[in-house]
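Participant: Data: protein-v9.pdb, PDB, C-alpha atoms.
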```
ATOM      1  CA  MET A 734      14.531  13.785  -2.484
ATOM      2  CA  ALA A 735      11.609  12.629  -0.351
ATOM      3  CA  GLY A 736       8.211  14.163  -1.101
ATOM      4  CA  ALA A 737       6.056  15.964   1.441
ATOM      5  CA  PRO A 738       4.867  13.607   4.178
ATOM      6  CA  LEU A 739       1.401  12.157   3.778
ATOM      7  CA  TYR A 740      -0.865  11.783   6.809
ATOM      8  CA  ILE A 741      -3.942   9.580   6.522
ATOM      9  CA  LEU A 742      -6.616   9.680   9.208
ATOM     10  CA  VAL A 743      -8.901   6.656   8.891
ATOM     11  CA  CYS A 744     -12.178   6.726  10.806
ATOM     12  CA  SER A 745     -14.476   4.617   8.651
ATOM     13  CA  GLY A 746     -14.725   0.885   9.031
ATOM     14  CA  GLU A 747     -16.028   0.520   5.480
ATOM     15  CA  HIS A 748     -13.951  -1.844   3.397
ATOM     16  CA  GLU A 749     -13.889   0.564   0.451
ATOM     17  CA  LYS A 750     -12.397   3.375   2.533
ATOM     18  CA  LEU A 751      -9.954   1.078   4.299
ATOM     19  CA  GLN A 752      -8.836  -0.197   0.897
ATOM     20  CA  MET A 753      -8.224   3.325  -0.394
ATOM     21  CA  ALA A 754      -6.339   4.221   2.778
ATOM     22  CA  ALA A 755      -4.113   1.162   2.381
ATOM     23  CA  MET A 756      -3.544   1.871  -1.314
ATOM     24  CA  MET A 757      -2.614   5.500  -0.644
ATOM     25  CA  ALA A 758      -0.383   4.554   2.273
ATOM     26  CA  SER A 759       1.502   1.817   0.444
ATOM     27  CA  VAL A 760       1.916   3.644  -2.862
ATOM     28  CA  GLY A 761       2.927   6.842  -1.065
ATOM     29  CA  ALA A 762       5.495   5.014   1.043
ATOM     30  CA  VAL A 763       7.092   3.192  -1.892
ATOM     31  CA  SER A 764       7.229   6.504  -3.773
ATOM     32  CA  GLU A 765       9.662   7.904  -1.230
ATOM     33  CA  ARG A 766       7.087   9.876   0.743
ATOM     34  CA  PRO A 767       7.029   9.406   4.497
ATOM     35  CA  VAL A 768       3.502   8.250   5.372
ATOM     36  CA  GLU A 769       1.702   8.038   8.698
ATOM     37  CA  VAL A 770      -1.710   6.420   9.184
ATOM     38  CA  PHE A 771      -3.874   7.146  12.241
ATOM     39  CA  VAL A 772      -6.584   4.535  12.808
ATOM     40  CA  SER A 773      -9.607   5.629  14.856
ATOM     41  CA  MET A 774     -13.349   5.138  15.409
ATOM     42  CA  ASN A 775     -14.914   2.175  13.545
ATOM     43  CA  ALA A 776     -11.719   1.629  11.562
ATOM     44  CA  ILE A 777     -10.031   0.200  14.659
ATOM     45  CA  PHE A 778     -12.338  -2.864  14.555
ATOM     46  CA  ALA A 779     -11.031  -3.805  11.092
ATOM     47  CA  PHE A 780      -7.646  -4.383  12.708
ATOM     48  CA  ALA A 781      -8.818  -6.731  15.452
ATOM     49  CA  ARG A 782      -6.361  -9.607  15.703
ATOM     50  CA  ASP A 783      -9.043 -12.296  15.839
ATOM     51  CA  ALA A 784     -11.353 -10.911  13.119
ATOM     52  CA  THR A 785     -12.401 -13.196  10.303
ATOM     53  CA  PRO A 786     -12.160 -11.705   6.770
ATOM     54  CA  ASP A 787     -15.940 -11.196   6.694
ATOM     55  CA  ARG A 788     -15.894  -9.317   9.987
ATOM     56  CA  ARG A 789     -12.793  -7.355   9.084
ATOM     57  CA  TYR A 790     -14.003  -6.100   5.721
ATOM     58  CA  ARG A 791     -17.604  -4.906   5.712
ATOM     59  CA  GLY A 792     -18.814  -2.760   2.888
ATOM     60  CA  ASP A 793     -21.139  -2.276  -0.009
ATOM     61  CA  ALA A 794     -21.202  -3.468  -3.622
ATOM     62  CA  PHE A 795     -17.595  -2.595  -4.341
ATOM     63  CA  SER A 796     -16.414  -4.435  -1.256
ATOM     64  CA  GLN A 797     -18.027  -7.599  -2.558
ATOM     65  CA  LEU A 798     -16.425  -7.091  -5.962
ATOM     66  CA  MET A 799     -12.996  -6.688  -4.380
ATOM     67  CA  LYS A 800     -13.505  -9.889  -2.376
ATOM     68  CA  ASP A 801     -14.749 -11.812  -5.405
ATOM     69  CA  LYS A 802     -11.893 -10.634  -7.611
ATOM     70  CA  HIS A 803      -9.202 -10.882  -4.944
ATOM     71  CA  ALA A 804      -8.099  -7.273  -4.865
ATOM     72  CA  PRO A 805      -4.954  -6.776  -2.778
ATOM     73  CA  ASP A 806      -5.680  -7.269   0.915
ATOM     74  CA  VAL A 807      -5.604  -4.175   3.149
ATOM     75  CA  LEU A 808      -3.250  -5.746   5.694
ATOM     76  CA  VAL A 809      -0.909  -7.038   2.984
ATOM     77  CA  LEU A 810      -0.738  -3.606   1.337
ATOM     78  CA  LEU A 811       0.060  -1.921   4.633
ATOM     79  CA  ARG A 812       2.757  -4.459   5.438
ATOM     80  CA  GLN A 813       4.271  -3.947   1.970
ATOM     81  CA  GLY A 814       4.271  -0.199   2.575
ATOM     82  CA  LYS A 815       6.161  -0.724   5.833
ATOM     83  CA  GLU A 816       8.597  -3.175   4.267
ATOM     84  CA  PHE A 817       9.373  -1.164   1.127
ATOM     85  CA  GLY A 818       8.999   2.394   2.404
ATOM     86  CA  ASP A 819       8.679   4.737   5.356
ATOM     87  CA  LEU A 820       5.213   3.959   6.709
ATOM     88  CA  LYS A 821       4.106   4.302  10.305
ATOM     89  CA  ILE A 822       0.694   3.194  11.562
ATOM     90  CA  TRP A 823      -0.763   4.456  14.807
ATOM     91  CA  ALA A 824      -3.766   3.279  16.808
ATOM     92  CA  CYS A 825      -5.842   6.159  18.194
ATOM     93  CA  SER A 826      -5.502   6.058  21.976
ATOM     94  CA  MET A 827      -9.059   7.339  22.428
ATOM     95  CA  ALA A 828     -10.485   4.604  20.182
ATOM     96  CA  LEU A 829      -8.535   1.970  22.127
ATOM     97  CA  ASP A 830      -9.831   3.313  25.443
ATOM     98  CA  VAL A 831     -13.470   3.585  24.363
ATOM     99  CA  ALA A 832     -13.482   0.152  22.716
ATOM    100  CA  GLY A 833     -11.670  -1.440  25.649
ATOM    101  CA  LEU A 834      -8.862  -2.636  23.406
ATOM    102  CA  GLU A 835      -5.173  -3.074  24.103
ATOM    103  CA  MET A 836      -2.448  -3.053  21.466
ATOM    104  CA  ASP A 837      -2.183  -6.829  21.674
ATOM    105  CA  HIS A 838      -5.821  -7.085  20.568
ATOM    106  CA  LEU A 839      -4.797  -5.635  17.185
ATOM    107  CA  VAL A 840      -3.132  -7.443  14.289
ATOM    108  CA  GLU A 841       0.501  -8.234  14.933
ATOM    109  CA  GLU A 842       3.511  -6.415  13.516
ATOM    110  CA  LEU A 843       1.544  -3.633  11.907
ATOM    111  CA  PHE A 844       1.089  -0.823  14.401
ATOM    112  CA  ASP A 845       3.910   1.362  15.633
ATOM    113  CA  GLY A 846       2.014   2.052  18.842
ATOM    114  CA  PRO A 847      -0.855   4.050  20.335
ATOM    115  CA  LEU A 848      -0.978   7.784  19.630
ATOM    116  CA  GLY A 849      -3.155  10.737  20.553
ATOM    117  CA  LEU A 850      -4.886  12.921  17.999
ATOM    118  CA  THR A 851      -3.111  16.037  19.230
ATOM    119  CA  LYS A 852       0.328  14.627  18.410
ATOM    120  CA  PHE A 853      -0.841  13.260  15.057
ATOM    121  CA  LEU A 854      -2.372  16.596  14.011
ATOM    122  CA  SER A 855       0.683  18.467  15.212
ATOM    123  CA  ASP A 856       2.934  16.239  13.102
ATOM    124  CA  ALA A 857       0.546  16.501  10.154
ATOM    125  CA  GLU A 858       1.143  20.239   9.913
ATOM    126  CA  ALA A 859       4.344  19.313   8.099
ATOM    127  CA  GLY A 860       2.564  17.555   5.250
ATOM    128  CA  GLN A 861      -0.693  16.685   3.513
ATOM    129  CA  LEU A 862      -3.603  15.356   5.569
ATOM    130  CA  VAL A 863      -6.239  13.068   4.071
ATOM    131  CA  THR A 864      -9.265  11.849   6.033
ATOM    132  CA  LEU A 865     -11.249   8.731   5.154
TER     133      LEU A 865
ATOM    134  CA  MET B1022      24.200  -7.727 -16.130
ATOM    135  CA  SER B1023      22.093 -10.787 -15.426
ATOM    136  CA  GLU B1024      19.330 -12.117 -17.674
ATOM    137  CA  ARG B1025      16.225  -9.933 -17.734
ATOM    138  CA  GLN B1026      13.750 -11.071 -15.088
ATOM    139  CA  VAL B1027      10.079 -11.209 -16.038
ATOM    140  CA  ILE B1028       7.478 -10.431 -13.386
ATOM    141  CA  ASP B1029       4.153 -11.811 -14.501
ATOM    142  CA  ALA B1030       1.606  -9.652 -12.658
ATOM    143  CA  ARG B1031      -1.200 -10.257 -15.127
ATOM    144  CA  GLY B1032      -4.515 -10.454 -13.288
ATOM    145  CA  ALA B1033      -3.274  -8.478 -10.288
ATOM    146  CA  PHE B1034      -5.179  -5.330  -9.399
ATOM    147  CA  CYS B1035      -3.637  -1.939  -8.604
ATOM    148  CA  PRO B1036      -1.232  -1.504  -6.876
ATOM    149  CA  GLY B1037      -0.312  -5.193  -7.103
ATOM    150  CA  PRO B1038       1.881  -5.004 -10.235
ATOM    151  CA  LEU B1039       3.899  -2.109  -8.781
ATOM    152  CA  MET B1040       4.362  -3.923  -5.488
ATOM    153  CA  GLU B1041       5.514  -7.086  -7.264
ATOM    154  CA  LEU B1042       7.994  -5.016  -9.276
ATOM    155  CA  ILE B1043       9.362  -3.333  -6.146
ATOM    156  CA  ALA B1044       9.725  -6.668  -4.362
ATOM    157  CA  ALA B1045      11.747  -8.024  -7.306
ATOM    158  CA  LEU B1046      13.855  -4.862  -7.590
ATOM    159  CA  ARG B1047      15.094  -5.299  -4.043
ATOM    160  CA  HIS B1048      16.861  -8.491  -5.078
ATOM    161  CA  ALA B1049      18.240  -7.099  -8.352
ATOM    162  CA  ALA B1050      21.646  -5.540  -8.895
ATOM    163  CA  ILE B1051      22.210  -2.030 -10.232
ATOM    164  CA  GLY B1052      22.026  -2.200 -14.011
ATOM    165  CA  ASP B1053      19.719  -5.214 -14.054
ATOM    166  CA  GLU B1054      16.620  -5.019 -16.223
ATOM    167  CA  LEU B1055      13.222  -6.258 -15.094
ATOM    168  CA  GLU B1056      10.148  -6.662 -17.259
ATOM    169  CA  VAL B1057       6.734  -6.488 -15.636
ATOM    170  CA  TRP B1058       3.609  -7.786 -17.350
ATOM    171  CA  SER B1059       0.352  -6.212 -16.257
ATOM    172  CA  THR B1060      -3.279  -6.270 -17.319
ATOM    173  CA  ASP B1061      -4.069  -3.394 -14.938
ATOM    174  CA  LYS B1062      -4.921  -0.436 -17.175
ATOM    175  CA  GLY B1063      -3.373   2.021 -14.717
ATOM    176  CA  SER B1064       0.035   0.362 -14.814
ATOM    177  CA  ALA B1065       0.906   1.968 -18.156
ATOM    178  CA  ALA B1066       0.971   5.369 -16.464
ATOM    179  CA  ASP B1067       1.525   4.394 -12.832
ATOM    180  CA  ILE B1068       4.700   2.368 -13.185
ATOM    181  CA  PRO B1069       6.524   4.897 -15.450
ATOM    182  CA  ALA B1070       5.513   7.677 -13.026
ATOM    183  CA  TRP B1071       6.919   5.669 -10.130
ATOM    184  CA  ILE B1072      10.130   4.929 -12.057
ATOM    185  CA  LYS B1073      10.617   8.652 -12.693
ATOM    186  CA  LYS B1074       9.795   9.565  -9.097
ATOM    187  CA  VAL B1075      12.335   7.210  -7.557
ATOM    188  CA  HIS B1076      14.968   7.675 -10.278
ATOM    189  CA  HIS B1077      15.200   4.323 -11.978
ATOM    190  CA  GLU B1078      15.236   4.081 -15.797
ATOM    191  CA  LEU B1079      12.314   3.252 -18.064
ATOM    192  CA  VAL B1080      13.689   1.142 -20.919
ATOM    193  CA  SER B1081      10.495   0.463 -22.855
ATOM    194  CA  ILE B1082       6.750   0.167 -22.610
ATOM    195  CA  ASN B1083       4.547  -1.782 -25.000
ATOM    196  CA  GLU B1084       1.071  -3.239 -25.156
ATOM    197  CA  ALA B1085       0.729  -6.606 -26.845
ATOM    198  CA  ASP B1086      -1.183  -9.849 -26.387
ATOM    199  CA  GLY B1087      -3.654  -8.174 -24.034
ATOM    200  CA  HIS B1088      -1.186  -6.888 -21.485
ATOM    201  CA  TRP B1089       1.328  -4.133 -20.888
ATOM    202  CA  SER B1090       5.018  -4.940 -20.876
ATOM    203  CA  ILE B1091       7.135  -2.409 -19.020
ATOM    204  CA  VAL B1092      10.920  -2.767 -18.850
ATOM    205  CA  ILE B1093      12.838  -1.021 -16.095
ATOM    206  CA  ARG B1094      16.576  -0.761 -15.422
ATOM    207  CA  LYS B1095      17.598  -0.561 -11.778
ATOM    208  CA  ALA B1096      19.625   2.627 -11.452
ATOM    209  CA  LYS B1097      20.486   2.785  -7.762
TER     210      LYS B1097
END
```
Write the structure described by the file as structure tokens, please.

Facilitator:
Amino acid sequence: MAGAPLYILVCSGEHEKLQMAAMMASVGAVSERPVEVFVSMNAIFAFARDATPDRRYRGDAFSQLMKDKHAPDVLVLLRQGKEFGDLKIWACSMALDVAGLEMDHLVEELFDGPLGLTKFLSDAEAGQLVTL
Amino acid sequence: MSERQVIDARGAFCPGPLMELIAALRHAAIGDELEVWSTDKGSAADIPAWIKKVHHELVSINEADGHWSIVIRKAK
């Protein structure tokens, strides 16, 4: 039986928080929990299609450690979550508008589409909401 | 049942060993056994918890030669 859905709202562009979001999303999805991730605010810039790894993952001491030791990549983890489980990833429509971004400015084959916060929060009433 | 497949995930950080195991399981047949090697300290609890959650079978778990060896039987 599937567990309660997990909803992850990611606002921070910090590598450490993006990493935890990706870990939670992928592990939750492969553990037979439906997972939805809502990417907003500074986090949206980490998913820019043309970003170099240094631009994509900005953080503090632990970020550098993860880069040096080749911790699993955020995008790879999210793609594994989608491939092996029920994981949906949404781009915040407000963040897209404010940043002047279109969906085709974001990394390919990752997002399920743009979404508003109202719909995400409404859906999240059915499960557990985590904010990073 | 085919020969037991070994997944050498030593050196991979969480949740890498679990993801490598899941990727291999997708290509295994029901009843097949897979053995994952991991140096990630969390794997000793994480992988058995995942096996229980998704209803596969934990065959054995041992620590030797500086890594964990976890054997799983695909049950579905």

Participant: Residues of chain B within 9 Å of chain A, counting all atoms listed in the file - could you list those as a tab-separated table (two decimals) with C-alpha atoms, in the coordinates of the input?

Facilitator:
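Listing of out-v1.tsv after writing:
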```tsv
chain	number	residue	atom	x	y	z
B	1033	ALA	CA	-3.27	-8.48	-10.29
B	1034	PHE	CA	-5.18	-5.33	-9.40
B	1035	CYS	CA	-3.64	-1.94	-8.60
B	1036	PRO	CA	-1.23	-1.50	-6.88
B	1037	GLY	CA	-0.31	-5.19	-7.10
B	1039	LEU	CA	3.90	-2.11	-8.78
B	1040	MET	CA	4.36	-3.92	-5.49
B	1043	ILE	CA	9.36	-3.33	-6.15
B	1044	ALA	CA	9.72	-6.67	-4.36
B	1047	ARG	CA	15.09	-5.30	-4.04
B	1071	TRP	CA	6.92	5.67	-10.13
B	1072	ILE	CA	10.13	4.93	-12.06
B	1074	LYS	CA	9.80	9.56	-9.10
B	1075	VAL	CA	12.34	7.21	-7.56
```

Participant: Which distance in Å separates atom CA of Ala1030 of chain B and atom CA of Ala794 of chain A, to one decimal?

Facilitator: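 It comes out at 25.3 Å.
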
Participant: Can you turn the PyMOL selection byres ((chain B and resi 1079-1092) around 7) into a concrete residue list for this file, as a list in words?

Facilitator: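 Answer for the PyMOL selection byres ((chain B and resi 1079-1092) around 7): Glu1054, Leu1055, Glu1056, Val1057, Trp1058, Ser1059, Thr1060, Ala1065, Pro1069, Ile1072, His1077, Glu1078, Ile1093 and Arg1094 of chain B.
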
Participant: Could you pull the residues within 6 Å of segment 772-778 of chain A, counting all atoms listed in the file, minus those fewer than 2 positions along the same chain, as a VMD selection string?

Facilitator: chain A and resid 743 to 746 780 to 781 824 to 825 828

Participant: Enumerate, as a list in words, the protein, DNA and RNA residues whose atoms approach (-2.3, 0.9, 21.0) to within 9 Å, taking into account all atoms listed in the file and the coordinate frame of the file.

Facilitator: Trp823, Ala824, Cys825, Ser826, Leu829, Leu834, Glu835, Met836, Asp837, His838, Leu839, Phe844, Asp845, Gly846, Pro847 and Leu848 of chain A

Participant: Based on the selection just made, write C-alpha atoms of those residues as a short mmCIF file (atom, residue, chain, number, x, y, z; two decimals), keeping the file's coordinate frame.

Facilitator:
```
data_model
loop_
_atom_site.label_atom_id
_atom_site.label_comp_id
_atom_site.auth_asym_id
_atom_site.auth_seq_id
_atom_site.Cartn_x
_atom_site.Cartn_y
_atom_site.Cartn_z
CA TRP A 823 -0.76 4.46 14.81
CA ALA A 824 -3.77 3.28 16.81
CA CYS A 825 -5.84 6.16 18.19
CA SER A 826 -5.50 6.06 21.98
CA LEU A 829 -8.54 1.97 22.13
CA LEU A 834 -8.86 -2.64 23.41
CA GLU A 835 -5.17 -3.07 24.10
CA MET A 836 -2.45 -3.05 21.47
CA ASP A 837 -2.18 -6.83 21.67
CA HIS A 838 -5.82 -7.08 20.57
CA LEU A 839 -4.80 -5.64 17.18
CA PHE A 844 1.09 -0.82 14.40
CA ASP A 845 3.91 1.36 15.63
CA GLY A 846 2.01 2.05 18.84
CA PRO A 847 -0.86 4.05 20.34
CA LEU A 848 -0.98 7.78 19.63
#
```

Participant: Write out as a ChimeraX atom specification the residues lying within 9 Å of Ile1051 of chain B, counting all atoms listed in the file and excluding same-chain residues fewer than 6 positions away.

Facilitator: /B:1022,1094-1097

Participant: For atom CA of Gly818 of chain A and atom CA of Met753 of chain A, quote the distance in Å rounded to one decimal.

Facilitator: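 The value is 17.5 Å.
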
Participant: Expand the PyMOL selection byres ((chain A and resi 767) around 6) into the individual residues it matches in the shown file, reporting them as a list of chain:residue names.

Facilitator: A:Pro738, A:Ala762, A:Arg766, A:Val768, A:Asp819

Participant: Could you write out the selected residues, including C-alpha atoms, as a compact mmCIF listing (two decimals), keeping the file's coordinate frame?

Facilitator:
```
# COMPACT_ATOMS: atom_id res chain seq x y z
CA PRO A 738 4.87 13.61 4.18
CA ALA A 762 5.50 5.01 1.04
CA ARG A 766 7.09 9.88 0.74
CA VAL A 768 3.50 8.25 5.37
CA ASP A 819 8.68 4.74 5.36
```

Participant: Could you check how far atom CA of Gly792 of chain A sits from atom CA of Val809 of chain A, in Å to one decimal?

Facilitator: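 Separating atom CA of Gly792 of chain A from atom CA of Val809 of chain A is a distance of 18.4 Å.
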